$ cat input.pdb   # PDB, C-alpha atoms
ATOM      1  CA  MET A 283       5.527  11.929  13.162
ATOM      2  CA  SER A 284       3.661  14.624  15.102
ATOM      3  CA  ALA A 285       2.145  17.740  13.542
ATOM      4  CA  PRO A 286       4.873  20.090  14.874
ATOM      5  CA  ASP A 287       7.544  17.768  13.453
ATOM      6  CA  LEU A 288       5.791  17.766  10.090
ATOM      7  CA  ARG A 289       5.651  21.560  10.085
ATOM      8  CA  ARG A 290       9.354  21.798  10.905
ATOM      9  CA  ALA A 291      10.202  19.287   8.187
ATOM     10  CA  SER A 292       8.095  21.162   5.636
ATOM     11  CA  ARG A 293       9.838  24.444   6.466
ATOM     12  CA  ILE A 294      13.132  22.789   5.501
ATOM     13  CA  ALA A 295      11.974  20.539   2.668
ATOM     14  CA  LEU A 296       9.871  23.064   0.746
ATOM     15  CA  PRO A 297      12.644  25.641   0.163
ATOM     16  CA  LEU A 298      15.063  22.829  -0.741
ATOM     17  CA  ALA A 299      12.585  21.396  -3.257
ATOM     18  CA  VAL A 300      12.072  24.823  -4.853
ATOM     19  CA  ALA A 301      15.857  25.402  -5.053
ATOM     20  CA  LEU A 302      16.386  21.955  -6.582
ATOM     21  CA  ALA A 303      13.654  22.545  -9.183
ATOM     22  CA  LEU A 304      15.190  25.904 -10.125
ATOM     23  CA  CYS A 305      18.626  24.315 -10.496
ATOM     24  CA  VAL A 306      17.237  21.553 -12.729
ATOM     25  CA  ALA A 307      15.424  24.111 -14.906
ATOM     26  CA  TRP A 308      18.603  26.226 -15.038
ATOM     27  CA  GLU A 309      20.699  23.216 -16.078
ATOM     28  CA  ILE A 310      18.262  22.262 -18.834
ATOM     29  CA  ALA A 311      18.016  25.837 -20.144
ATOM     30  CA  VAL A 312      21.795  26.280 -20.327
ATOM     31  CA  ARG A 313      22.336  22.954 -22.092
ATOM     32  CA  MET A 314      19.512  23.567 -24.576
ATOM     33  CA  THR A 315      20.830  27.030 -25.486
ATOM     34  CA  ASN A 316      24.512  25.960 -25.580
ATOM     35  CA  SER A 317      25.395  28.999 -23.480
ATOM     36  CA  HIS A 318      27.799  27.298 -21.096
ATOM     37  CA  GLY A 319      30.922  29.403 -20.886
ATOM     38  CA  LEU A 320      28.926  32.561 -20.358
ATOM     39  CA  VAL A 321      26.329  31.043 -18.013
ATOM     40  CA  PRO A 322      27.369  28.518 -15.358
ATOM     41  CA  LEU A 323      25.903  25.038 -15.014
ATOM     42  CA  PRO A 324      24.683  23.998 -11.554
ATOM     43  CA  SER A 325      26.322  20.596 -12.067
ATOM     44  CA  GLY A 326      29.525  22.362 -13.117
ATOM     45  CA  VAL A 327      29.435  24.557 -10.013
ATOM     46  CA  VAL A 328      29.148  21.457  -7.813
ATOM     47  CA  ALA A 329      31.934  19.597  -9.627
ATOM     48  CA  THR A 330      34.247  22.611  -9.659
ATOM     49  CA  GLY A 331      33.533  23.340  -6.022
ATOM     50  CA  TRP A 332      34.404  19.774  -5.039
ATOM     51  CA  ALA A 333      37.655  19.921  -6.985
ATOM     52  CA  LEU A 334      38.638  23.294  -5.503
ATOM     53  CA  THR A 335      37.842  22.088  -1.994
ATOM     54  CA  LYS A 336      39.876  18.885  -2.430
ATOM     55  CA  SER A 337      42.850  20.809  -3.786
ATOM     56  CA  GLY A 338      42.767  23.263  -0.879
ATOM     57  CA  ILE A 339      42.752  26.333  -3.136
ATOM     58  CA  ILE A 340      39.512  27.731  -1.773
ATOM     59  CA  VAL A 341      40.568  27.032   1.819
ATOM     60  CA  ASP A 342      43.853  28.902   1.382
ATOM     61  CA  ALA A 343      42.162  31.883  -0.286
ATOM     62  CA  MET A 344      39.365  32.079   2.280
ATOM     63  CA  SER A 345      41.771  31.796   5.205
ATOM     64  CA  GLY A 346      43.745  34.763   3.870
ATOM     65  CA  SER A 347      40.604  36.853   3.443
ATOM     66  CA  LEU A 348      39.156  35.850   6.810
ATOM     67  CA  LYS A 349      42.406  36.715   8.565
ATOM     68  CA  ARG A 350      42.339  40.235   7.132
ATOM     69  CA  VAL A 351      38.628  40.588   7.950
ATOM     70  CA  LEU A 352      39.224  39.517  11.553
ATOM     71  CA  ILE A 353      42.196  41.855  12.021
ATOM     72  CA  GLY A 354      40.350  44.775  10.405
ATOM     73  CA  PHE A 355      37.236  44.030  12.464
ATOM     74  CA  VAL A 356      39.253  44.026  15.700
ATOM     75  CA  ILE A 357      40.968  47.295  14.709
ATOM     76  CA  GLY A 358      37.585  48.841  13.911
ATOM     77  CA  GLY A 359      36.136  47.771  17.250
ATOM     78  CA  THR A 360      39.213  48.811  19.235
ATOM     79  CA  LEU A 361      39.060  52.309  17.743
ATOM     80  CA  GLY A 362      35.334  52.677  17.187
ATOM     81  CA  ILE A 363      33.859  51.625  20.529
ATOM     82  CA  PRO A 364      35.891  54.039  22.741
ATOM     83  CA  VAL A 365      35.385  56.882  20.268
ATOM     84  CA  GLY A 366      31.646  56.202  20.075
ATOM     85  CA  ILE A 367      31.252  55.958  23.843
ATOM     86  CA  ALA A 368      33.256  59.185  24.284
ATOM     87  CA  ILE A 369      31.238  61.277  21.838
ATOM     88  CA  GLY A 370      28.028  59.721  23.117
ATOM     89  CA  THR A 371      28.700  60.721  26.733
ATOM     90  CA  VAL A 372      30.588  64.024  26.343
ATOM     91  CA  ALA A 373      28.576  66.646  24.466
ATOM     92  CA  ALA A 374      31.638  68.797  23.717
ATOM     93  CA  LEU A 375      33.387  65.901  21.979
ATOM     94  CA  ASP A 376      30.241  65.211  19.989
ATOM     95  CA  ARG A 377      30.122  68.812  18.746
ATOM     96  CA  MET A 378      33.832  68.743  17.880
ATOM     97  CA  PHE A 379      34.119  65.413  16.092
ATOM     98  CA  ARG A 380      30.651  64.519  14.810
ATOM     99  CA  PRO A 381      30.882  66.625  11.581
ATOM    100  CA  VAL A 382      34.311  65.185  10.748
ATOM    101  CA  LEU A 383      33.231  61.606  11.442
ATOM    102  CA  ASP A 384      30.008  62.024   9.456
ATOM    103  CA  GLY A 385      31.993  63.398   6.532
ATOM    104  CA  LEU A 386      34.422  60.483   6.584
ATOM    105  CA  ARG A 387      31.587  57.978   7.033
ATOM    106  CA  SER A 388      29.942  59.236   3.849
ATOM    107  CA  ILE A 389      32.986  58.114   1.826
ATOM    108  CA  ALA A 390      32.519  54.487   0.790
ATOM    109  CA  PRO A 391      35.376  52.172   1.831
ATOM    110  CA  ILE A 392      35.969  51.092  -1.764
ATOM    111  CA  ALA A 393      36.656  54.733  -2.687
ATOM    112  CA  TRP A 394      39.823  54.477  -0.579
ATOM    113  CA  ILE A 395      41.187  51.494  -2.514
ATOM    114  CA  PRO A 396      43.372  53.528  -4.959
ATOM    115  CA  MET A 397      44.891  55.568  -2.127
ATOM    116  CA  ALA A 398      45.392  52.450  -0.003
ATOM    117  CA  ILE A 399      47.233  50.736  -2.855
ATOM    118  CA  LEU A 400      49.332  53.868  -3.398
ATOM    119  CA  TRP A 401      50.241  54.160   0.286
ATOM    120  CA  LEU A 402      50.511  50.532   1.350
ATOM    121  CA  GLY A 403      51.103  48.462  -1.772
ATOM    122  CA  VAL A 404      49.139  45.582  -3.242
ATOM    123  CA  ARG A 405      49.911  42.781  -0.813
ATOM    124  CA  GLY A 406      47.903  42.673   2.420
ATOM    125  CA  ASP A 407      48.107  46.083   4.062
ATOM    126  CA  ALA A 408      46.011  47.958   1.489
ATOM    127  CA  ALA A 409      43.123  45.514   1.834
ATOM    128  CA  LEU A 410      43.467  45.567   5.626
ATOM    129  CA  PHE A 411      43.219  49.367   5.669
ATOM    130  CA  VAL A 412      40.013  49.267   3.623
ATOM    131  CA  VAL A 413      38.510  46.618   5.907
ATOM    132  CA  ALA A 414      39.335  48.545   9.090
ATOM    133  CA  TYR A 415      37.932  51.745   7.575
ATOM    134  CA  GLY A 416      34.703  49.982   6.645
ATOM    135  CA  ALA A 417      34.351  48.391  10.095
ATOM    136  CA  VAL A 418      35.094  51.361  12.333
ATOM    137  CA  PHE A 419      32.096  53.580  11.571
ATOM    138  CA  PRO A 420      29.301  51.127  12.482
ATOM    139  CA  PHE A 421      31.034  50.717  15.836
ATOM    140  CA  ILE A 422      31.260  54.493  16.317
ATOM    141  CA  VAL A 423      27.653  55.179  15.323
ATOM    142  CA  ASN A 424      26.105  52.399  17.391
ATOM    143  CA  ALA A 425      28.299  52.949  20.440
ATOM    144  CA  SER A 426      27.576  56.686  20.473
ATOM    145  CA  LEU A 427      23.830  56.188  20.093
ATOM    146  CA  ALA A 428      23.818  53.457  22.734
ATOM    147  CA  ALA A 429      25.685  55.651  25.214
ATOM    148  CA  ARG A 430      23.313  58.533  24.514
ATOM    149  CA  TRP A 431      20.230  56.358  25.010
ATOM    150  CA  VAL A 432      21.228  54.845  28.354
ATOM    151  CA  ASP A 433      18.487  55.534  30.906
ATOM    152  CA  ARG A 434      19.468  58.782  32.650
ATOM    153  CA  ARG A 435      17.629  57.668  35.782
ATOM    154  CA  LEU A 436      20.174  54.854  36.180
ATOM    155  CA  ILE A 437      23.029  57.335  35.851
ATOM    156  CA  ALA A 438      21.383  59.671  38.374
ATOM    157  CA  ALA A 439      20.875  56.769  40.797
ATOM    158  CA  ALA A 440      24.537  55.756  40.465
ATOM    159  CA  ARG A 441      25.633  59.340  41.174
ATOM    160  CA  ALA A 442      23.356  59.468  44.199
ATOM    161  CA  LEU A 443      25.096  56.351  45.521
ATOM    162  CA  GLY A 444      28.472  58.076  45.202
ATOM    163  CA  ALA A 445      29.716  56.591  41.920
ATOM    164  CA  ASN A 446      32.313  58.608  40.040
ATOM    165  CA  ARG A 447      32.408  59.083  36.266
ATOM    166  CA  TRP A 448      34.571  55.988  35.650
ATOM    167  CA  MET A 449      32.340  53.776  37.794
ATOM    168  CA  ILE A 450      29.232  55.048  35.987
ATOM    169  CA  LEU A 451      30.852  54.332  32.645
ATOM    170  CA  ARG A 452      31.920  50.817  33.656
ATOM    171  CA  ALA A 453      28.835  49.753  35.621
ATOM    172  CA  VAL A 454      25.988  51.634  33.902
ATOM    173  CA  VAL A 455      26.854  52.994  30.460
ATOM    174  CA  LEU A 456      28.795  50.034  29.047
ATOM    175  CA  PRO A 457      26.329  47.302  30.128
ATOM    176  CA  GLY A 458      23.416  49.393  28.846
ATOM    177  CA  ALA A 459      25.185  50.049  25.554
ATOM    178  CA  MET A 460      26.301  46.477  24.846
ATOM    179  CA  PRO A 461      23.178  45.303  22.913
ATOM    180  CA  MET A 462      23.521  48.149  20.400
ATOM    181  CA  ILE A 463      27.286  47.682  20.255
ATOM    182  CA  PHE A 464      26.711  44.037  19.279
ATOM    183  CA  THR A 465      24.290  45.208  16.593
ATOM    184  CA  GLY A 466      27.005  47.562  15.388
ATOM    185  CA  ALA A 467      29.462  44.655  15.400
ATOM    186  CA  ARG A 468      27.205  42.659  13.083
ATOM    187  CA  ILE A 469      26.893  45.630  10.728
ATOM    188  CA  ALA A 470      30.650  46.254  10.935
ATOM    189  CA  LEU A 471      31.367  42.637  10.068
ATOM    190  CA  ALA A 472      29.106  42.847   7.023
ATOM    191  CA  PHE A 473      30.919  46.015   5.928
ATOM    192  CA  ALA A 474      34.298  44.398   6.595
ATOM    193  CA  TRP A 475      33.452  41.324   4.540
ATOM    194  CA  ALA A 476      32.117  43.383   1.628
ATOM    195  CA  SER A 477      35.176  45.634   1.816
ATOM    196  CA  ILE A 478      37.694  42.774   1.734
ATOM    197  CA  VAL A 479      36.074  41.254  -1.349
ATOM    198  CA  ALA A 480      36.020  44.627  -3.144
ATOM    199  CA  ALA A 481      39.597  45.449  -2.130
ATOM    200  CA  GLU A 482      40.921  42.054  -3.168
ATOM    201  CA  LEU A 483      39.081  42.287  -6.488
ATOM    202  CA  ALA A 484      40.726  45.645  -7.177
ATOM    203  CA  ILE A 485      44.141  44.411  -6.062
ATOM    204  CA  GLY A 486      43.664  41.231  -8.086
ATOM    205  CA  ILE A 487      42.985  43.280 -11.223
ATOM    206  CA  LYS A 488      46.211  45.209 -10.601
ATOM    207  CA  ILE A 489      48.381  42.107 -10.156
ATOM    208  CA  ALA A 490      46.598  39.827 -12.652
ATOM    209  CA  GLY A 491      49.075  38.228 -14.989
ATOM    210  CA  GLN A 492      52.103  39.224 -12.906
ATOM    211  CA  GLY A 493      52.641  35.698 -11.580
ATOM    212  CA  ARG A 494      52.045  36.649  -7.952
ATOM    213  CA  SER A 495      50.471  34.211  -5.537
ATOM    214  CA  VAL A 496      46.769  34.464  -4.777
ATOM    215  CA  ALA A 497      46.276  35.992  -1.326
ATOM    216  CA  GLY A 498      42.480  36.116  -0.954
ATOM    217  CA  ILE A 499      39.125  35.173  -2.381
ATOM    218  CA  GLY A 500      38.799  38.400  -4.387
ATOM    219  CA  GLN A 501      42.166  37.907  -6.070
ATOM    220  CA  LEU A 502      41.269  34.273  -6.743
ATOM    221  CA  MET A 503      38.071  35.437  -8.475
ATOM    222  CA  VAL A 504      40.007  37.873 -10.662
ATOM    223  CA  GLU A 505      42.529  35.183 -11.628
ATOM    224  CA  THR A 506      39.659  32.817 -12.446
ATOM    225  CA  LEU A 507      37.957  35.437 -14.625
ATOM    226  CA  TYR A 508      40.945  36.772 -16.543
ATOM    227  CA  VAL A 509      43.169  33.695 -16.725
ATOM    228  CA  LYS A 510      40.949  30.612 -16.529
ATOM    229  CA  ARG A 511      37.599  32.032 -17.736
ATOM    230  CA  ASP A 512      35.785  29.554 -15.493
ATOM    231  CA  VAL A 513      32.259  30.815 -14.748
ATOM    232  CA  ASP A 514      31.428  27.708 -12.704
ATOM    233  CA  ALA A 515      34.275  28.500 -10.311
ATOM    234  CA  LEU A 516      33.192  32.150 -10.095
ATOM    235  CA  VAL A 517      29.687  31.166  -8.997
ATOM    236  CA  PHE A 518      31.141  28.718  -6.493
ATOM    237  CA  TYR A 519      33.269  31.509  -4.998
ATOM    238  CA  MET A 520      30.174  33.730  -4.774
ATOM    239  CA  LEU A 521      28.294  30.981  -2.931
ATOM    240  CA  VAL A 522      31.194  30.474  -0.531
ATOM    241  CA  ILE A 523      31.318  34.213   0.212
ATOM    242  CA  GLY A 524      27.596  34.238   0.998
ATOM    243  CA  ILE A 525      27.719  31.103   3.154
ATOM    244  CA  VAL A 526      30.723  32.307   5.162
ATOM    245  CA  SER A 527      29.081  35.693   5.762
ATOM    246  CA  PHE A 528      25.872  33.977   6.901
ATOM    247  CA  LEU A 529      27.727  31.665   9.284
ATOM    248  CA  ILE A 530      29.721  34.536  10.780
ATOM    249  CA  ASP A 531      26.520  36.490  11.440
ATOM    250  CA  ILE A 532      24.940  33.448  13.100
ATOM    251  CA  GLY A 533      28.035  33.092  15.275
ATOM    252  CA  LEU A 534      27.857  36.728  16.384
ATOM    253  CA  ARG A 535      24.171  36.382  17.256
ATOM    254  CA  ARG A 536      24.914  33.320  19.365
ATOM    255  CA  VAL A 537      27.703  35.126  21.171
ATOM    256  CA  GLN A 538      25.324  38.015  21.845
ATOM    257  CA  ARG A 539      22.655  35.704  23.240
ATOM    258  CA  ARG A 540      25.207  34.002  25.485
ATOM    259  CA  MET A 541      26.823  37.206  26.766
ATOM    260  CA  LEU A 542      23.653  39.335  26.870
ATOM    261  CA  PRO A 543      20.731  37.011  27.503
ATOM    262  CA  TRP A 544      18.471  39.925  28.446
ATOM    263  CA  SER A 545      18.820  41.358  24.928
ATOM    264  CA  ALA A 546      17.933  38.140  23.036
ATOM    265  CA  GLY A 547      15.548  38.751  20.155
TER     266      GLY A 547
END

$ encode --input "input.pdb" --output "structure tokens"
Amino acid sequence: MSAPDLRRASRIALPLAVALALCVAWEIAVRMTNSHGLVPLPSGVVATGWALTKSGIIVDAMSGSLKRVLIGFVIGGTLGIPVGIAIGTVAALDRMFRPVLDGLRSIAPIAWIPMAILWLGVRGDAALFVVAYGAVFPFIVNASLAARWVDRRLIAAARALGANRWMILRAVVLPGAMPMIFTGARIALAFAWASIVAAELAIGIKIAGQGRSVAGIGQLMVETLYVKRDVDALVFYMLVIGIVSFLIDIGLRRVQRRMLPWSAG
């Protein structure tokens, strides 16, 4: 094995060895202190995770959450990108709407959960509203900044060649803004994912014990906490949430590199 191969292998093996050693120490500490029930066991997390995966429970819950995240993310982008481009290119619109948008942006998405439940009920629409609200502002902020930072010399050159406002927007502003819009999309997706978990946790607390079906990962976590008291399953759900978020971010970065190769890195 060559030296570069050894270095690559060590970059993978060393973190795995450290994680394995920590899990073994954790397992021993929990068993020696008889604290299982309050503190999860790594072996219990693995066993519970395997059982939940085989039964399809985690797949059903995650598919429900991911569907709402995707819909909310698309709504946020559909509303946020045009609004951001508009206020980034038209100074009058920026002066009119920037204070209102900044005021709304300062309100955390989870603060809207009670009103969303009151307006839309506890099934899917309340959580979807919170997700869309959390996703829209990163799109607006990044799109407006990107449009404002487009090289004015390119715009002047397009005007000199006879381009109208729509042509400049389509051929100059949008291509120049796309790298920052993709960055905003990654931030929006992180906000959307955090918002869906928080919204489903709150909704799950409201419907816990009412015999309603689990509709998302957050509600599944609440049911596990209040009904089953299974800390191993809770940690498994937390790991799944982190892994899914990581994979989604990797996917967005790959899409960005494929669509905008000049902005890679």

$ closest_residue --input "input.pdb" --among "A:Ala409, A:Ala374, A:Leu521, A:Val327" --to "Met397 in chain A" --atoms "all atoms listed in the file"
A:Ala409

$ residues_around --input "input.pdb" --residues "Ile499 in chain A" --least-positions-apart "4" --cutoff "12 Å" --atoms "all atoms listed in the file" --output "ChimeraX atom specification"
/A:339-351,409,475-486,495,503-506,515-516,518-523,526

$ atom_distance --input "input.pdb" --atom1 "CA of Val537 in chain A" --atom2 "CA of Thr465 in chain A"
11.6 Å

$ residues_around --input "input.pdb" --residues "range 510-513 of chain A" --least-positions-apart "6" --cutoff "9 Å" --atoms "all atoms listed in the file" --output "MDAnalysis selection string"
chainID A and resid 318:323 327

$ write_last_selection --input "input.pdb" --atoms "C-alpha atoms" --output "compact mmCIF listing (two decimals), in the coordinates of the input"
# COMPACT_ATOMS: atom_id res chain seq x y z
CA HIS A 318 27.80 27.30 -21.10
CA GLY A 319 30.92 29.40 -20.89
CA LEU A 320 28.93 32.56 -20.36
CA VAL A 321 26.33 31.04 -18.01
CA PRO A 322 27.37 28.52 -15.36
CA LEU A 323 25.90 25.04 -15.01
CA VAL A 327 29.44 24.56 -10.01

$ resolve_selection --input "input.pdb" --expression "the PyMOL selection byres ((chain A and resi 383) around 12)" --output "list in words"
Gly362, Val365, Gly366, Ile369, Leu375, Asp376, Arg377, Met378, Phe379, Arg380, Pro381, Val382, Asp384, Gly385, Leu386, Arg387, Ser388, Ile389, Tyr415, Val418, Phe419, Pro420, Phe421, Ile422, Val423 and Ser426 of chain A

$ atom_distance --input "input.pdb" --atom1 "CA of Val306 in chain A" --atom2 "CA of Ala329 in chain A"
15.1 Å

$ atom_distance --input "input.pdb" --atom1 "CA of Leu529 in chain A" --atom2 "CA of Ala408 in chain A"
25.7 Å

$ resolve_selection --input "input.pdb" --expression "the PyMOL selection byres ((chain A and resi 428) around 12)" --output "PDB file with C-alpha atoms, keeping the file's coordinate frame"
ATOM      1  CA  ILE A 363      33.859  51.625  20.529  1.00  0.00           C
ATOM      2  CA  GLY A 366      31.646  56.202  20.075  1.00  0.00           C
ATOM      3  CA  ILE A 367      31.252  55.958  23.843  1.00  0.00           C
ATOM      4  CA  ALA A 368      33.256  59.185  24.284  1.00  0.00           C
ATOM      5  CA  ILE A 369      31.238  61.277  21.838  1.00  0.00           C
ATOM      6  CA  GLY A 370      28.028  59.721  23.117  1.00  0.00           C
ATOM      7  CA  THR A 371      28.700  60.721  26.733  1.00  0.00           C
ATOM      8  CA  PRO A 420      29.301  51.127  12.482  1.00  0.00           C
ATOM      9  CA  PHE A 421      31.034  50.717  15.836  1.00  0.00           C
ATOM     10  CA  ILE A 422      31.260  54.493  16.317  1.00  0.00           C
ATOM     11  CA  VAL A 423      27.653  55.179  15.323  1.00  0.00           C
ATOM     12  CA  ASN A 424      26.105  52.399  17.391  1.00  0.00           C
ATOM     13  CA  ALA A 425      28.299  52.949  20.440  1.00  0.00           C
ATOM     14  CA  SER A 426      27.576  56.686  20.473  1.00  0.00           C
ATOM     15  CA  LEU A 427      23.830  56.188  20.093  1.00  0.00           C
ATOM     16  CA  ALA A 429      25.685  55.651  25.214  1.00  0.00           C
ATOM     17  CA  ARG A 430      23.313  58.533  24.514  1.00  0.00           C
ATOM     18  CA  TRP A 431      20.230  56.358  25.010  1.00  0.00           C
ATOM     19  CA  VAL A 432      21.228  54.845  28.354  1.00  0.00           C
ATOM     20  CA  ASP A 433      18.487  55.534  30.906  1.00  0.00           C
ATOM     21  CA  VAL A 454      25.988  51.634  33.902  1.00  0.00           C
ATOM     22  CA  VAL A 455      26.854  52.994  30.460  1.00  0.00           C
ATOM     23  CA  LEU A 456      28.795  50.034  29.047  1.00  0.00           C
ATOM     24  CA  PRO A 457      26.329  47.302  30.128  1.00  0.00           C
ATOM     25  CA  GLY A 458      23.416  49.393  28.846  1.00  0.00           C
ATOM     26  CA  ALA A 459      25.185  50.049  25.554  1.00  0.00           C
ATOM     27  CA  MET A 460      26.301  46.477  24.846  1.00  0.00           C
ATOM     28  CA  PRO A 461      23.178  45.303  22.913  1.00  0.00           C
ATOM     29  CA  MET A 462      23.521  48.149  20.400  1.00  0.00           C
ATOM     30  CA  ILE A 463      27.286  47.682  20.255  1.00  0.00           C
ATOM     31  CA  PHE A 464      26.711  44.037  19.279  1.00  0.00           C
ATOM     32  CA  THR A 465      24.290  45.208  16.593  1.00  0.00           C
ATOM     33  CA  GLY A 466      27.005  47.562  15.388  1.00  0.00           C
TER      34      GLY A 466
END

$ axis_aligned_box --input "input.pdb" --around "range 418-428 of chain A" --padding-each-side "4 Å" --output "AutoDock Vina command-line options"
--center_x 29.5 --center_y 53.7 --center_z 17.2 --size_x 19.3 --size_y 14.0 --size_z 19.2

$ closest_residue --input "input.pdb" --among "A:Tyr508, A:Ala417, A:Arg452, A:Gly326" --to "Glu309 in chain A" --atoms "all atoms listed in the file"
A:Gly326

$ closest_residue --input "input.pdb" --among "A:Gly354, A:Asn446, A:Ala438, A:Pro364" --to "Val412 in chain A" --atoms "all atoms listed in the file"
A:Gly354

$ closest_residue --input "input.pdb" --among "A:Met541, A:Ala390, A:Val517, A:Leu402" --to "Val328 in chain A" --atoms "only C-alpha atoms"
A:Val517

$ closest_residue --input "input.pdb" --among "A:Leu534, A:Leu302, A:Leu361, A:Leu443" --to "Arg468 in chain A" --atoms "only C-alpha atoms"
A:Leu534

$ closest_residue --input "input.pdb" --among "A:Ile525, A:Ile530, A:Arg289, A:Ile437" --to "Ala470 in chain A" --atoms "only C-alpha atoms"
A:Ile530
